Every structure is written in C-alpha cells, then in structure tokens.
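Have a look at the structure below before the remarks.
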Amino acid sequence: MKKVAFIISTLLTVVFVLILNNYWKFGNQNIPAFGKLLNPQQGCWQNAEPLNYDFSADLKFTQLKGKVNVFIDQRLVPHVFAEQENDAYFVQGYLHAKFRLWQMELQTYFASGRISEIMGESLLESDRQFRRLGMVYSAENTLKELEKDPIILSECNAYTSGVNAYIESLTESSLPLEYKLIGYQPEKWSNFKTVLFMKYMSYDLAGFDNDFEMTNAKSFLNETDFDKLFPINDVISDPVIPKGTIFEKQKVFPVIPANADSVYFERKTKVEAEENKPVKENGSNNWAVSGKKTKAGAPILCNDLHLTLNLPSVWFEIQISAPTLNVYGVSFPGVPGVIVGFNDSCAFGFTNGGRDVRDYYEIKFKDESRKEYWYNGNWEQTKWRPEIINIKGKPVYVDSVSYVMLGNDLCPVMYDNTFSGGKNENHNYYAVRWKGNDPSNDLKAFNLLNHANNYTDFTDAMTFLKTPGQNCIFAGKNGDISIRAQGEWPAKWKGQGDFIMPGVDSSYLWQGMIPEDEVLYQYNPDRGFVSSANQKPADDKDYPYYLGRNYPIYRGMEINRKLKDMNDISVQDMMELQTDNYNLVAEFTTPVLLKNIKVSELNPVEKTYFDLLKDWNLRNDPGSKGATVYELLWNNFYKAVYDDEYAKAPEVVLRPGENSLIEAIINDSDYKFIDDVTTAQIEKMSDVVTISFKKASEQLKKIDDRGRLDWEKYKSTQINHLSKLNPFSRKNLPIGGSKYSINATVTTHGPSWRMIVDLSGNTEAFGIYPGGQSGNPGSKYYDEFIDNWVEGKYYTLWMMKEEEQNDNRIKWKMNFSGL
C-alpha cells in the first residue's frame, strides 16, 4: 500500500507541476501558468512597485556618443538633456520601453496581424483583416521610404537601439506583468515596428469607411429619400475654414465617368461584407487665439485629442532637450520625438481630418482561382502575397492574398471567396485602395515640427504629413496663429468613393491628389482665432473638391460661438472651455421635443421625467438627471423615426446621420420620415415624440430603480486595460460630457490629452491625460492622473532648464553615458 501511495503521490506531484507551469485554455479564456505567475522570485509579486521606489540609475552604453542626463519629476515625467540629439532619442526609446514595453509591442502585434500568435485562434480573423488591408506590405514600403532620409533613419536607429538596450536588461522577474499573465517574451524592437505603429495610428484615424453600408442604403432607398437622409450639403454648418473664403484656382479636374449615373449612382446592388472598424468618433478639438483677444497679449493654443481611453494611456509625457532642440509634450510609446506639444518658439496640435481615403472596387476574376482579373479590356495576371500567420497552440495558417494593379497602385483584394469579413456570402471580390497604404515619411513632419521656430518652419514640416490627414494648428511666440487641413487628399469628383466602385477599368480610380498649394489653411485671420473639431473643412459651395458627407457639426459650432464672443482671454478661460459640458444639440432640439410631448397623456411617473427634462439646464454635468432623460428620449425618437423605413433593409447598412434628423425637426415640420409606414394612420410629430417619451420613461424607471439616473452613472465612463482585464481598468468615473459637448467624454472615448499653451514672455503650459506615466499596474504612477482629469484639473507642464536640476520637483536622476 505504501508503494501505491508513493506512486499516486508522485503522479499527483507531476500533474500539479504540469498544471501550474503551463498555460491552458478554458473555453475562450487563456489560463495563466499559476506556478510561474505566483513564483515569489519571478512572478507577479515582482511587479508590485514599492511606493518609495528609486528610479535613479547610472547606465553606460556603447551606442551613446555623449552624456545624457534625465531628471525625473514627481509625476514621473522625464526631462532629457543630451549632448547629442540622437542620444536623446536613444534614451527616449529606453524610457518608453522601461515604462511602456508591453503596450508598445501589443499595438504592433495588432497592426501586423500577429495577435493570434500570442492570444490564440479566436483572433485569427482580426489578423487576416489587417494583413488583407495591406498593413504589413505598406509598412515594408514605408520603411524603404524612411530609410532614404538619413536624418530620420538615424533618429529611428537611435530610438530602436534604446528600446533594445532596455529589453536586453530584462530578466524573468523584471518582465512586465502582462507578459507573465499571457505567457510570452518580448521581441527585439526594430524600425519596422515603429513604422507599424505609425500605420496603426493611420488605421485608427484614417481607416474608417462606409462604402458597403452606403451601397446597401442606396440599394433599397429611392434617390429622393437617400439624398434627404444622406445629404452632401448640411443646412447647418460651420466649417473649419469659414464660409465665403476664396480659394486658390483649381488645378486638378477629376472627370466623372460617362456611365456614372447608371453604373454607379443608380445601380441597385446589395453587397455583403463587414469588417471591424476604427472608432468613427476619433476626433478632437483644437483652437488658437491671437494676442489681440488674450489678456496677456500673446497667442494661446489649446488642443484636446479624443481617442479610445485605455490603460496604459496612448500618450507618454516627456521633455527632450539637446543643442538642436528643446521640446515638451506627449509622445507615442513606440515612436521617437514629441507628437503634440511646444518648444521655445511655438506650440502645435492636431484634430482628425476625417475625409474618406479608403475606397473599394469590385474586381472581376476569370474564375475562382483568381489568377487573372479583367481590367481595361484585358485579362491581367494577379500578383500574390502569402501571409503566414502563427497561431498560439495551432498549426501555421497561410492566407494567400491576391493583389491587383489599379492604375499605378497595387491594391490588395481584401474580400474574396476565402475571406468574407463575416458577411461576404456571395463570394464577390473587393479590392481596397487606402491612402494609408502609400509609402510616406510622416515622421519627418514631427521631427521638423519639434525643431520649428516660426510659421514657415511649421508649413514646411506639415508638407510631409500624408496620412492620417489632420487639422494641424500652430501658434508662435511672435504672434502668428494658423491652421492647415493637411494631408495628401484624393481629388475626388462629387460622390466618388461613397459606394463600391467598378474595378474593371480605370474610369473610377483616383485621378490625382489635391495639390499642396490648394490645401486648406488659415493664417492670422481677422476674427482673431482658428479652430477645428472634426467638422467639414470647408463649405462645399466654396471649395472645388469633393469632401464627403456627415461630418460632426456641433462641437465646432459651439467652440466658434464661444470664441467669437470672448475677449481678454486667460488660461483659466481656456480650461473652462475645454471642459465645458454644454450640449448645443439639446439647445436646438429640446424645445421641439418638449412642445410635441402630449403632457395630458402622461402618467405620474412619466410626468416626473418630463419635469426633469423641462427643468434641465442643457448641460451634461455630473449629477444631472435631465441629461439622462434627454439622451434616452433622443435615442428612442431616432429609432421611432427610422426603424420603419429600415425594417427590410440589408443587415449591413448605414443609418442616417443624426445631423439629418436634427436639421429636419428644426427646419421641416412635415419631415416625411416621421410617419410610420407600417401603420394605416398618419403619425404626426407629436405622436412619435410622445410614444418615444413613454418608451424612454419605461427605461428611465429601471435605471432610476438601480440608482443610476444621474448622467455620469448612466454614461459610466471607463478606461479599460488594453487586454480588458477589469482589475487593471478604471470603471464608473464620475465625469460629465457627451458626444455633442466640447468635453466629448462618452463611455469609452474622450479627451486623451488636454493641453493649453500660453505663448507670452515665459511660455506657460498646462496639460493632463487620463492615465499615468507607468504601464505597470503595480505602480502608483499607473493611473495617478485620472482623478484630476475627471475633475477637470491640469498639471503645469514644466519646461525645465538643466540648471534647475536641484529644484524640489526633481525626485530622481538617471545618468546615461558611452563606454
């Protein structure tokens, strides 16, 4: 019996060792190796950073040509002082890796279609989508373009060396926590990974399209209804470049195909394809006011960038100082330099341009082998790119992606008979032409911007920004202010790219780019300010090129309305404007809704919510119950207006933009879509609004019973860890704002970096982002900025001088030198 017991004991020990030291899968969940994870010498305990942790260090590397001193302040912001500029980028790479390595790598895994390599087969479709979009292929070509520029190449080489210097110092115990949880090791960094990250940001900001959804909407709506629901010209508008502006004489004249009406505009074809998309609301606010409107008599530049809110944050705050530059702001972990910030001469920032630079073409293959495709009257040979995808715990997957030459552009066939994106059941073939796939040297734009001394330097820098196109804002200490709708934009004819286009000849291809001297801009305008909030860049009646449909209108309108009336402006005024929760859409629509609610038909509970709406101050502030009532009423009203028309719509379809409904109820009392076509009676506005209010009241009562009627509780803003791990996320943040407010904070999206720069004698700057400098969930610096961000507070952005190294704000010093 003792021998049997010994054998059983030994077997159990072996089983437990195997279980505790290997990674397992349960359903869709990856289970970590708890033995390794809980190991006191190497496991997660080593990631618990002591409150008094000392970040000081003396480090020597053969790659450095001179000395670099890094002074780290009380917020863990590094102030880098280097004798050589490229040494500063080496140290920036080292610091990015030290504080954000896992985040840097994860984003490049997504961009390169490799996430299933570490997360498993459930993410294979995501990997295929990114590969088939051409992300890796285009990154390879962009790297070749970057390598032609000796300055940018040396900058990237130095940065990459710094990242790898830190990676080489890692031990099993010092690995970031997420590597231990998921069970993999960091790779060496490369310039290619930096380019991949830039491509990922291009995807995030310029990868959105509605071609399939618009095509399907056109397939079942008549022409009159379609134009009414999806107008090109908004009745209400306040573009980035004010109406009435006279532009340069048009130089590119795109020709509309002769058969466009029958083949393109009037064609009733239902398509079936679907994709994961970047967040359409990725936008931002920026403005600069001239000295004639400020208290100090100098420009003030403001920027808040709206992105998906994650932990670790997309931003890392830093100062970089060398004999050739001195710049402060936020950087992307994974990329050298400062992206948004200021230097000794000027400040700069961005909002998303929002134009459509991603179009689809239907390809005619000879047969299902896809070896030949029909183009300009000939069968042309397909080019092939095998995409080799490693999958954790599974055999390698090889995805054979076909590429077709459309004009001078080699375009991947994203959807075919092997990849549907979830909805391409008819096995049609769609090639994608995306501006983000073009090789460019966008890093040059940020390098030059970091060094800029004046407006001329700013405009020279911006010519290198191709994709994603941005509304680039500038203010100089000499008093200049400017904004440029910068990017390499296709010169489109009216309606081009709104729907799937024929790909059998060159008729529907892009016919050129808008010339640089026709890029929209303002420079020291008479009104004393420039601004943007992702609205249409210009009025369609003024600007000769097609700009697309359905831009957000109301944040930009409210910013302009406020700035127009403001004078003697202070930094405090700008802080209050950036965090303003006023809802301009509610100002326009609430009176109409209130007027059309049949109060006599409301029961006592409904009357309570009516009173909350009637007394609401139109602000989406924390504690506001009226804001929640309005939100649910508006959502139900929108559905009531359009659900009947869309009852038989294709599954993949575009719903009307809210701009159409807002304009309609303000200006059109007989809006045809108010009537419910599924009933015999003719519904009036009051019928639909009252029914919508009653439905909203039922929902409000349930929300109220759960104690979540206050706006911030209903909205439930959260900042999720990149891996969606709840213990590493921040939930239910008590912050106001809405998608229609200048403070555009919603549930998982909002101001990812707020910055205000006063360019008076001694530049004063203020900023904050919702996160912390460290990517380690076990560090006090992981999320320490969030509570102040919620409260609308700012930190002083200290442009340190090296002689201030004994200032009490400095807590640690890292010394870097060569061997």
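Chain labels run A, B, ... following the order of the structure tokens; each chain numbers its residues from 1, and ligands are numbered from 1 in the order shown.
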Set the distance at 10 Å and use only C-alpha atoms: which residues neighbour region 710-717 of chain A once local chain neighbours fewer than 5 positions away are removed? I'd like the list as number ranges by chain.
A: 309, 619-629, 631, 700, 703-704, 730-738, 745-750, 790
Based on DSSP run over this structure's backbone, return all residues of region 248-329 of chain A in strand (DSSP E or B), as an MDAnalysis selection string.
chainID A and resid 283:289 294 300:308 310:311 316:322 325:329
Region 380-543 of chain A: which residues are helix (DSSP H, G or I) by DSSP, as a PyMOL selection string?
chain A and resi 435-437+442-451+455-462+506-508+516-518
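The protein and nucleic acid residues lying at most 12 Å from Val599 (chain A) are Leu593, Leu594, Lys595, Asn596, Leu602, Asn603, Pro604, Val605, Glu606, Lys607, Thr608, Tyr609, Phe610, Asp611, Lys614, Ser686, Asp687, Val689, Thr690, Ile691, Phe693 and Lys694 of chain A, with only C-alpha atoms considered and sequence neighbours fewer than 3 positions away removed.
Considering only C-alpha atoms, the residue among A:Glu791, A:Asp238, A:Asp58, A:Glu368 positioned nearest to Asn560 (chain A) is A:Asp238.
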Can you pull out every residue within 12 Å of region 145-149 of chain A, counting only C-alpha atoms, but drop anything in the same chain fewer than 5 positions away, and send it as a VMD selection string?
chain A and resid 138 to 140 154 to 157 191 to 192 194 to 195 198 438 to 445 447 464
Take the residues from that selection and put them in a file with C-alpha atoms, as a compact mmCIF listing (two decimals), in the first residue's frame.
# COMPACT_ATOMS: atom_id res chain seq x y z
CA SER A 138 2.60 49.02 -46.80
CA ALA A 139 4.80 49.18 -43.69
CA GLU A 140 7.56 47.41 -45.61
CA SER A 154 19.48 57.92 -37.74
CA GLU A 155 16.72 59.11 -35.38
CA CYS A 156 14.90 55.80 -35.67
CA ASN A 157 18.11 53.78 -35.38
CA ASN A 191 12.48 50.45 -37.13
CA PHE A 192 9.88 48.30 -38.84
CA THR A 194 7.98 51.91 -35.31
CA VAL A 195 6.59 52.16 -38.84
CA MET A 198 2.53 54.71 -37.34
CA ASP A 438 1.06 54.57 -49.67
CA PRO A 439 4.71 54.91 -48.61
CA SER A 440 5.47 58.22 -46.91
CA ASN A 441 7.87 59.82 -44.46
CA ASP A 442 5.40 61.18 -41.91
CA LEU A 443 7.98 61.01 -39.10
CA LYS A 444 9.77 63.82 -40.91
CA ALA A 445 6.77 66.07 -40.21
CA ASN A 447 10.89 65.90 -36.49
CA PHE A 464 5.49 65.70 -45.02
